[in-house]
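Visitor: For reference, the file model_8.pdb (PDB, C-alpha atoms) is included below:
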ATOM      1  CA  MET A1150     -23.420  25.719  14.865
ATOM      2  CA  LYS A1151     -20.048  25.842  16.672
ATOM      3  CA  ILE A1152     -19.879  22.049  16.828
ATOM      4  CA  TYR A1153     -20.715  21.887  13.126
ATOM      5  CA  ARG A1154     -17.814  24.232  12.281
ATOM      6  CA  LEU A1155     -15.461  22.417  14.638
ATOM      7  CA  THR A1156     -16.348  19.081  13.005
ATOM      8  CA  ILE A1157     -15.615  20.497   9.533
ATOM      9  CA  PHE A1158     -12.301  21.925  10.800
ATOM     10  CA  ILE A1159     -11.267  18.582  12.343
ATOM     11  CA  LEU A1160     -12.258  16.671   9.193
ATOM     12  CA  LEU A1161     -10.335  19.101   6.977
ATOM     13  CA  THR A1162      -7.256  18.843   9.226
ATOM     14  CA  ILE A1163      -7.357  15.025   9.190
ATOM     15  CA  GLY A1164      -7.981  15.020   5.428
ATOM     16  CA  SER A1165      -5.026  17.344   4.787
ATOM     17  CA  ALA A1166      -2.749  15.258   7.007
ATOM     18  CA  ILE A1167      -3.737  12.069   5.146
ATOM     19  CA  TYR A1168      -3.270  13.773   1.765
ATOM     20  CA  LEU A1169       0.148  15.221   2.674
ATOM     21  CA  SER A1170       1.387  11.942   4.111
ATOM     22  CA  SER A1171       0.418  10.168   0.886
ATOM     23  CA  CYS A1172       2.223  12.666  -1.349
ATOM     24  CA  ALA A1173       5.437  11.567  -2.979
ATOM     25  CA  MET A1174       8.659  12.788  -1.369
ATOM     26  CA  ILE A1175      10.730  15.161  -3.438
ATOM     27  CA  ASP A1176      14.451  14.925  -2.805
ATOM     28  CA  LYS A1177      17.455  17.113  -3.505
ATOM     29  CA  ILE A1178      20.021  15.990  -6.046
ATOM     30  CA  GLU A1179      23.442  17.518  -6.567
ATOM     31  CA  LEU A1180      24.706  17.327 -10.139
ATOM     32  CA  LEU A1181      28.381  18.003 -10.703
ATOM     33  CA  SER A1182      30.774  17.784 -13.607
ATOM     34  CA  ALA A1183      34.408  18.543 -14.257
ATOM     35  CA  PRO A1184      34.759  20.871 -16.023
ATOM     36  CA  SER A1185      31.547  22.558 -14.963
ATOM     37  CA  GLY A1186      28.923  24.155 -17.238
ATOM     38  CA  ALA A1187      27.290  20.995 -18.582
ATOM     39  CA  LYS A1188      23.590  20.753 -19.341
ATOM     40  CA  VAL A1189      21.965  17.927 -17.387
ATOM     41  CA  TYR A1190      19.043  15.670 -18.271
ATOM     42  CA  LEU A1191      17.383  13.454 -15.664
ATOM     43  CA  VAL A1192      15.776  10.549 -17.488
ATOM     44  CA  PRO A1193      13.852   8.009 -15.401
ATOM     45  CA  LEU A1194      15.372   4.551 -15.962
ATOM     46  CA  TYR A1195      12.065   3.115 -17.124
ATOM     47  CA  ARG A1196      11.724   5.775 -19.839
ATOM     48  CA  TYR A1197      15.333   5.177 -20.865
ATOM     49  CA  GLU A1198      14.781   1.428 -21.158
ATOM     50  CA  SER A1199      11.538   1.927 -23.106
ATOM     51  CA  ASP A1200      13.274   4.141 -25.659
ATOM     52  CA  PRO A1201      17.033   3.528 -25.945
ATOM     53  CA  ASN A1202      17.345   6.187 -28.686
ATOM     54  CA  LEU A1203      16.156   8.854 -26.273
ATOM     55  CA  VAL A1204      19.671   9.944 -25.360
ATOM     56  CA  THR A1205      20.576  10.704 -28.959
ATOM     57  CA  ASP A1206      17.315  12.477 -29.754
ATOM     58  CA  GLU A1207      17.650  16.108 -28.603
ATOM     59  CA  ALA A1208      13.942  16.816 -29.036
ATOM     60  CA  LYS A1209      12.891  13.921 -26.813
ATOM     61  CA  LEU A1210      15.653  14.622 -24.339
ATOM     62  CA  ALA A1211      14.548  18.242 -23.887
ATOM     63  CA  GLU A1212      11.620  17.032 -21.774
ATOM     64  CA  PHE A1213      14.077  15.893 -19.097
ATOM     65  CA  LEU A1214      16.355  18.955 -18.975
ATOM     66  CA  VAL A1215      17.149  20.108 -15.447
ATOM     67  CA  PRO A1216      15.521  23.557 -15.356
ATOM     68  CA  GLU A1217      17.771  25.000 -12.632
ATOM     69  CA  GLY A1218      20.666  25.453 -15.061
ATOM     70  CA  ARG A1219      24.096  24.007 -15.780
ATOM     71  CA  THR A1220      26.524  22.182 -13.471
ATOM     72  CA  PRO A1221      27.192  22.517 -10.629
ATOM     73  CA  VAL A1222      23.498  22.504  -9.957
ATOM     74  CA  THR A1223      21.070  21.281  -7.338
ATOM     75  CA  THR A1224      17.628  20.124  -8.368
ATOM     76  CA  ARG A1225      14.735  18.221  -6.878
ATOM     77  CA  ALA A1226      13.317  14.936  -8.078
ATOM     78  CA  LEU A1227      11.068  12.073  -7.072
ATOM     79  CA  GLU A1228      12.395   8.835  -5.590
ATOM     80  CA  LYS A1229      13.275   7.075  -8.820
ATOM     81  CA  VAL A1230      16.306   5.588 -10.491
ATOM     82  CA  TYR A1231      17.499   8.015 -13.164
ATOM     83  CA  VAL A1232      19.892   7.915 -16.060
ATOM     84  CA  VAL A1233      21.709  11.234 -15.847
ATOM     85  CA  VAL A1234      22.922  12.635 -19.157
ATOM     86  CA  PHE A1235      25.568  15.368 -18.905
ATOM     87  CA  ASP A1236      26.065  17.358 -22.073
ATOM     88  CA  LEU A1237      29.087  19.617 -22.344
ATOM     89  CA  ASN A1238      29.223  21.279 -25.752
ATOM     90  CA  GLY A1239      27.771  18.219 -27.494
ATOM     91  CA  LYS A1240      29.979  15.755 -25.636
ATOM     92  CA  LYS A1241      27.839  13.409 -23.572
ATOM     93  CA  GLN A1242      28.559  11.443 -20.420
ATOM     94  CA  ILE A1243      25.996   9.110 -18.909
ATOM     95  CA  THR A1244      25.702   7.914 -15.343
ATOM     96  CA  LYS A1245      23.003   6.502 -13.116
ATOM     97  CA  ILE A1246      21.586   7.907  -9.899
ATOM     98  CA  ASP A1247      19.351   6.174  -7.406
ATOM     99  CA  VAL A1248      17.365   8.869  -5.622
ATOM    100  CA  VAL A1249      16.458   7.700  -2.146
ATOM    101  CA  HIS A1250      14.761   9.839   0.467
ATOM    102  CA  GLY A1251      17.089  10.847   3.306
ATOM    103  CA  HIS A1252      20.252   9.850   1.445
ATOM    104  CA  THR A1253      22.903  12.063  -0.161
ATOM    105  CA  ASN A1254      21.894  12.057  -3.798
ATOM    106  CA  GLN A1255      24.778  13.124  -5.983
ATOM    107  CA  ALA A1256      25.865  12.421  -9.555
ATOM    108  CA  LYS A1257      29.278  13.471 -10.822
ATOM    109  CA  VAL A1258      31.115  12.948 -14.111
ATOM    110  CA  VAL A1259      34.516  13.925 -15.431
ATOM    111  CA  PHE A1260      34.841  14.815 -19.105
ATOM    112  CA  GLN A1261      38.140  13.564 -20.501
TER
ATOM    113  CA  MET B 847     -18.434 -20.381  30.995
ATOM    114  CA  LYS B 848     -21.124 -18.642  28.912
ATOM    115  CA  ARG B 849     -19.930 -15.281  30.230
ATOM    116  CA  LEU B 850     -16.404 -16.152  29.234
ATOM    117  CA  PHE B 851     -17.449 -17.036  25.680
ATOM    118  CA  LEU B 852     -19.677 -14.004  25.341
ATOM    119  CA  ALA B 853     -16.940 -11.779  26.744
ATOM    120  CA  LEU B 854     -14.454 -13.320  24.285
ATOM    121  CA  ALA B 855     -16.920 -12.735  21.429
ATOM    122  CA  GLY B 856     -17.305  -9.134  22.545
ATOM    123  CA  ILE B 857     -13.552  -8.651  22.778
ATOM    124  CA  VAL B 858     -12.981 -10.305  19.398
ATOM    125  CA  SER B 859     -15.622  -8.035  17.850
ATOM    126  CA  THR B 860     -14.375  -4.741  19.284
ATOM    127  CA  ILE B 861     -10.657  -4.909  20.085
ATOM    128  CA  PRO B 862      -9.386  -5.924  16.598
ATOM    129  CA  GLY B 863     -11.339  -3.123  14.926
ATOM    130  CA  ILE B 864      -9.859  -0.472  17.210
ATOM    131  CA  THR B 865      -6.383  -2.045  17.054
ATOM    132  CA  VAL B 866      -6.511  -2.185  13.251
ATOM    133  CA  TRP B 867      -7.699   1.419  13.123
ATOM    134  CA  GLN B 868      -4.919   2.639  15.405
ATOM    135  CA  SER B 869      -1.994   0.508  14.249
ATOM    136  CA  GLY B 870      -2.854  -0.382  10.650
ATOM    137  CA  LEU B 871      -2.154  -4.030  11.527
ATOM    138  CA  GLY B 872      -2.033  -6.036   8.306
ATOM    139  CA  THR B 873      -3.823  -3.406   6.225
ATOM    140  CA  PRO B 874      -2.748  -1.772   2.958
ATOM    141  CA  PRO B 875      -1.148   1.691   3.285
ATOM    142  CA  ASP B 876      -3.622   4.447   4.312
ATOM    143  CA  LYS B 877      -6.462   1.954   4.645
ATOM    144  CA  SER B 878      -6.355   1.288   8.400
ATOM    145  CA  LEU B 879      -9.409   3.456   9.122
ATOM    146  CA  LEU B 880     -11.491   1.707   6.459
ATOM    147  CA  PHE B 881     -10.403  -1.800   7.487
ATOM    148  CA  GLY B 882     -10.753  -1.079  11.224
ATOM    149  CA  GLY B 883     -14.200   0.416  10.748
ATOM    150  CA  VAL B 884     -15.423  -2.474   8.614
ATOM    151  CA  VAL B 885     -14.106  -5.085  11.067
ATOM    152  CA  GLU B 886     -15.859  -3.203  13.873
ATOM    153  CA  ALA B 887     -19.147  -2.926  11.963
ATOM    154  CA  PHE B 888     -19.186  -6.521  10.747
ATOM    155  CA  GLY B 889     -18.207  -7.753  14.221
ATOM    156  CA  ALA B 890     -21.144  -5.949  15.809
ATOM    157  CA  LEU B 891     -23.476  -7.094  13.030
ATOM    158  CA  SER B 892     -22.386 -10.736  13.443
ATOM    159  CA  LEU B 893     -23.107 -10.586  17.169
ATOM    160  CA  MET B 894     -26.509  -9.013  16.511
ATOM    161  CA  LEU B 895     -27.388 -11.746  14.006
ATOM    162  CA  LEU B 896     -26.398 -14.397  16.537
ATOM    163  CA  TRP B 897     -28.498 -12.722  19.204
ATOM    164  CA  VAL B 898     -31.535 -12.542  16.911
ATOM    165  CA  ASN B 899     -31.139 -16.258  16.171
ATOM    166  CA  ARG B 900     -30.336 -17.254  19.761
ATOM    167  CA  THR B 901     -33.380 -19.542  20.137
ATOM    168  CA  LYS B 902     -32.322 -21.523  17.112
ATOM    169  CA  ILE B 903     -28.728 -21.754  18.374
ATOM    170  CA  ARG B 904     -29.843 -22.879  21.847
ATOM    171  CA  SER B 905     -31.892 -25.691  20.306
ATOM    172  CA  LEU B 906     -28.836 -27.150  18.592
ATOM    173  CA  THR B 907     -27.159 -30.245  20.076
ATOM    174  CA  LYS B 908     -23.767 -29.927  21.758
ATOM    175  CA  SER B 909     -21.990 -31.991  19.086
ATOM    176  CA  ARG B 910     -23.517 -29.888  16.329
ATOM    177  CA  VAL B 911     -22.398 -26.681  18.018
ATOM    178  CA  THR B 912     -18.904 -28.132  18.480
ATOM    179  CA  LYS B 913     -18.740 -29.131  14.799
ATOM    180  CA  LEU B 914     -20.039 -25.745  13.703
ATOM    181  CA  SER B 915     -17.493 -23.888  15.830
ATOM    182  CA  ALA B 916     -14.643 -26.141  14.674
ATOM    183  CA  CYS B 917     -15.657 -25.535  11.034
ATOM    184  CA  LEU B 918     -15.758 -21.773  11.621
ATOM    185  CA  ILE B 919     -12.330 -21.773  13.275
ATOM    186  CA  LEU B 920     -10.962 -23.848  10.394
ATOM    187  CA  LEU B 921     -12.575 -21.422   7.928
ATOM    188  CA  CYS B 922     -11.030 -18.537   9.861
ATOM    189  CA  PHE B 923      -7.595 -20.122   9.495
ATOM    190  CA  VAL B 924      -8.104 -20.735   5.758
ATOM    191  CA  LEU B 925      -9.263 -17.129   5.254
ATOM    192  CA  LEU B 926      -6.304 -15.880   7.277
ATOM    193  CA  SER B 927      -3.945 -17.876   5.052
ATOM    194  CA  VAL B 928      -5.640 -16.456   1.932
ATOM    195  CA  TYR B 929      -5.358 -12.944   3.354
ATOM    196  CA  VAL B 930      -1.671 -13.367   4.196
ATOM    197  CA  TRP B 931      -1.060 -14.526   0.620
ATOM    198  CA  LEU B 932      -3.073 -11.659  -0.901
ATOM    199  CA  PHE B 933      -1.407  -9.145   1.394
ATOM    200  CA  GLY B 934       2.054 -10.378   0.437
ATOM    201  CA  LEU B 935       1.138 -10.053  -3.222
ATOM    202  CA  THR B 936      -0.326  -6.558  -3.037
ATOM    203  CA  VAL B 937       1.484  -4.751  -0.234
ATOM    204  CA  VAL B 938       5.170  -4.816  -1.063
ATOM    205  CA  LYS B 939       7.405  -3.221   1.524
ATOM    206  CA  HIS B 940      10.924  -2.338   0.524
ATOM    207  CA  ASP B 941      13.578  -2.121   3.237
ATOM    208  CA  PHE B 942      14.344   1.566   2.765
ATOM    209  CA  ARG B 943      12.336   2.765  -0.258
ATOM    210  CA  GLY B 944       8.893   2.508   1.283
ATOM    211  CA  THR B 945       5.762   0.517   0.562
ATOM    212  CA  ALA B 946       3.907   0.093  -2.720
ATOM    213  CA  TYR B 947       0.287  -1.026  -2.870
ATOM    214  CA  TYR B 948       0.003  -3.100  -6.046
ATOM    215  CA  PRO B 949      -3.294  -4.191  -7.574
ATOM    216  CA  LEU B 950      -3.859  -7.983  -7.679
ATOM    217  CA  TRP B 951      -3.243  -7.944 -11.419
ATOM    218  CA  THR B 952      -0.968  -5.618 -13.347
ATOM    219  CA  SER B 953      -1.328  -3.903 -16.710
ATOM    220  CA  GLY B 954       0.367  -1.271 -18.856
ATOM    221  CA  ASP B 955       3.791  -0.011 -17.780
ATOM    222  CA  LEU B 956       3.589  -1.942 -14.533
ATOM    223  CA  VAL B 957       3.649  -5.286 -16.368
ATOM    224  CA  THR B 958       6.810  -4.273 -18.232
ATOM    225  CA  MET B 959       8.442  -3.051 -15.042
ATOM    226  CA  VAL B 960       7.715  -6.223 -13.071
ATOM    227  CA  LYS B 961       8.740  -8.451 -16.008
ATOM    228  CA  SER B 962      12.059  -6.678 -16.451
ATOM    229  CA  ALA B 963      12.656  -7.023 -12.713
ATOM    230  CA  ASP B 964      12.669 -10.853 -12.852
ATOM    231  CA  ASN B 965       8.885 -10.957 -12.336
ATOM    232  CA  SER B 966       9.371  -9.650  -8.825
ATOM    233  CA  ARG B 967       7.281  -6.792  -7.505
ATOM    234  CA  TYR B 968       9.902  -6.116  -4.832
ATOM    235  CA  THR B 969      12.728  -5.976  -7.372
ATOM    236  CA  ALA B 970      10.690  -3.566  -9.519
ATOM    237  CA  ILE B 971      10.752  -1.087  -6.605
ATOM    238  CA  GLU B 972      14.474  -1.734  -6.157
ATOM    239  CA  LYS B 973      15.210  -1.281  -9.858
ATOM    240  CA  TYR B 974      13.033   1.727 -10.746
ATOM    241  CA  GLY B 975      12.365   3.433  -7.402
ATOM    242  CA  ILE B 976       9.182   3.656  -5.355
ATOM    243  CA  ASP B 977       7.787   6.743  -7.104
ATOM    244  CA  GLU B 978       8.170   5.215 -10.576
ATOM    245  CA  VAL B 979       6.281   2.112  -9.446
ATOM    246  CA  ASN B 980       3.586   4.209  -7.751
ATOM    247  CA  GLU B 981       3.176   6.289 -10.909
ATOM    248  CA  ALA B 982       2.738   3.120 -12.981
ATOM    249  CA  ILE B 983       0.178   1.810 -10.470
ATOM    250  CA  HIS B 984      -1.788   5.049 -10.667
ATOM    251  CA  LYS B 985      -1.689   4.974 -14.469
ATOM    252  CA  MET B 986      -3.683   1.725 -14.326
ATOM    253  CA  PRO B 987      -7.495   1.977 -14.368
ATOM    254  CA  ASN B 988      -8.818   3.117 -10.961
ATOM    255  CA  SER B 989     -11.045   0.071 -10.768
ATOM    256  CA  SER B 990      -8.101  -2.334 -10.450
ATOM    257  CA  LEU B 991      -6.885  -0.868  -7.164
ATOM    258  CA  ALA B 992     -10.462  -0.420  -5.918
ATOM    259  CA  ILE B 993     -11.345  -4.058  -6.702
ATOM    260  CA  THR B 994      -8.137  -5.187  -4.982
ATOM    261  CA  THR B 995      -9.123  -3.237  -1.860
ATOM    262  CA  ILE B 996     -12.643  -4.699  -1.940
ATOM    263  CA  ILE B 997     -11.304  -8.275  -2.185
ATOM    264  CA  LEU B 998      -8.792  -7.695   0.621
ATOM    265  CA  LEU B 999     -11.474  -6.069   2.754
ATOM    266  CA  LEU B1000     -13.910  -8.953   2.226
ATOM    267  CA  VAL B1001     -11.353 -11.568   3.240
ATOM    268  CA  TYR B1002     -10.009  -9.444   6.116
ATOM    269  CA  GLN B1003     -13.383  -8.870   7.748
ATOM    270  CA  ALA B1004     -14.341 -12.506   7.142
ATOM    271  CA  VAL B1005     -11.312 -13.601   9.221
ATOM    272  CA  PHE B1006     -12.655 -11.706  12.227
ATOM    273  CA  SER B1007     -16.347 -12.360  11.563
ATOM    274  CA  THR B1008     -15.892 -16.150  11.512
ATOM    275  CA  LEU B1009     -14.016 -15.993  14.804
ATOM    276  CA  ILE B1010     -16.686 -13.776  16.379
ATOM    277  CA  VAL B1011     -19.448 -16.114  15.200
ATOM    278  CA  ALA B1012     -17.544 -19.167  16.526
ATOM    279  CA  PHE B1013     -17.199 -17.627  19.987
ATOM    280  CA  GLY B1014     -20.722 -16.214  19.880
ATOM    281  CA  ILE B1015     -22.349 -19.567  19.043
ATOM    282  CA  LEU B1016     -20.493 -21.248  21.888
ATOM    283  CA  GLY B1017     -21.452 -18.468  24.310
ATOM    284  CA  ILE B1018     -25.147 -18.470  23.396
ATOM    285  CA  HIS B1019     -25.356 -22.266  23.474
ATOM    286  CA  GLU B1020     -23.623 -22.445  26.861
ATOM    287  CA  GLU B1021     -26.145 -19.943  28.182
ATOM    288  CA  SER B1022     -29.019 -22.333  27.392
ATOM    289  CA  GLU B1023     -27.404 -25.119  29.408
ATOM    290  CA  LEU B1024     -27.243 -23.107  32.619
TER
END
What is this file in structure tokens?
Guide:
Amino acid sequence: MKIYRLTIFILLTIGSAIYLSSCAMIDKIELLSAPSGAKVYLVPLYRYESDPNLVTDEAKLAEFLVPEGRTPVTTRALEKVYVVVFDLNGKKQITKIDVVHGHTNQAKVVFQ
Amino acid sequence: MKRLFLALAGIVSTIPGITVWQSGLGTPPDKSLLFGGVVEAFGALSLMLLWVNRTKIRSLTKSRVTKLSACLILLCFVLLSVYVWLFGLTVVKHDFRGTAYYPLWTSGDLVTMVKSADNSRYTAIEKYGIDEVNEAIHKMPNSSLAITTIILLLVYQAVFSTLIVAFGILGIHEESEL
């Protein structure tokens, strides 16, 4: 009975290790703007290319709003290339960010 | 000599399986256990089949055994070349973004991604990021990745099995001459 339990424990441990190692890495991103207080949308590049009107459509864009709040803000995202849309009182600035695990991931814009 | 061949057959049937299992040598990501186990099982099975048919093998002429072994080694090389090609197509390793395991054929978002990246699977990872590519792969029907793994596994084990059989035939035939 002990061996049976031990076998299940070992199998569960190995299974968990395999599952965790296969999970996608989530990385930190710093989003900054000058002046601060801009809403930020992180749109994956592929989604942006598939629908170029996405940036002008507030309803569609809402899906990609950074939930942590306005700039300066730190959020977490998967390793993708994103189009970052900063919105400060209706004025929009767009930049790109390439989120890579283990790198400093930062996007910054200056509103003129 | 027969001991040498039989020992080589034994080594070829056991060592690669364990090595593959431990190191993931030439296997798709997270598939080293499956590939290592299959190589091990098929290696042992090939040796058993040779042993069961040993009387038949011993009755073969030397030239026939030589031809048979040469054909098997040639087949092994062809299968190895096919596997290298398939592996290069499906397991795409990016320098710093990680490795993506593509199915042999693409569909849905993945087609668009690869097309817009100059038809390069590597460039698709570079352009969209590893997680975007992995998401597109997992949006494809499950069968496509499963069939890809089955095809790779068949060719992979065949590389080792042909080599084991080649050594085994030589070993068993040599035994009859002593």
Visitor: Nearest to Ala1183 in chain A: which of A:Val1249, A:Ile1243, A:Leu1210, A:Leu1237 is it, counting only C-alpha atoms?
Guide: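 Closest to Ala1183 in chain A, using only C-alpha atoms: A:Leu1237.
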Visitor: Counting all atoms listed in the file, a student should be able to say which residues of chain A come within 6 Å of chain B; what is the right answer, written as a PyMOL selection string?
Guide: chain A and resi 1228-1230
Visitor: Using C-alpha atoms, can you export the residues from the last selection as a PDB file, in the frame of the given file?
Guide:
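Wrote result00.pdb, looks like this:
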ATOM      1  CA  GLU A1228      12.395   8.835  -5.590  1.00  0.00           C
ATOM      2  CA  LYS A1229      13.275   7.075  -8.820  1.00  0.00           C
ATOM      3  CA  VAL A1230      16.306   5.588 -10.491  1.00  0.00           C
TER       4      VAL A1230
END
Visitor: Report, in Å with one decimal, the straight-line distance from CA of Ile1178 in chain A to CA of Thr1224 in chain A.
Guide: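 Spanning CA of Ile1178 in chain A to CA of Thr1224 in chain A is a straight-line distance of 5.3 Å.
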Visitor: What does the distance between CA of Asp1206 in chain A and CA of Met986 in chain B come to in Å, to one decimal place?
Guide: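 CA of Met986 in chain B lies 28.2 Å from CA of Asp1206 in chain A.
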Visitor: Expressed in Å to a single decimal, how great is the separation between CA of Tyr929 in chain B and CA of Leu998 in chain B?
Guide: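 Computed distance, CA of Tyr929 in chain B to CA of Leu998 in chain B, equals 6.8 Å.
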Visitor: Apply the PyMOL selection byres ((chain A and resi 1245) around 10) to the displayed file and report the matching residues as a PyMOL selection string.
Guide: chain A and resi 1191-1194+1230-1234+1243-1244+1246-1248+1255-1257
Visitor: Neighbours of Thr936 in chain B within 7 Å (all atoms listed in the file; same-chain residues fewer than 2 positions away dropped), as an NGL selection string?
Guide: :B and (932-934 or 938 or 947-950)
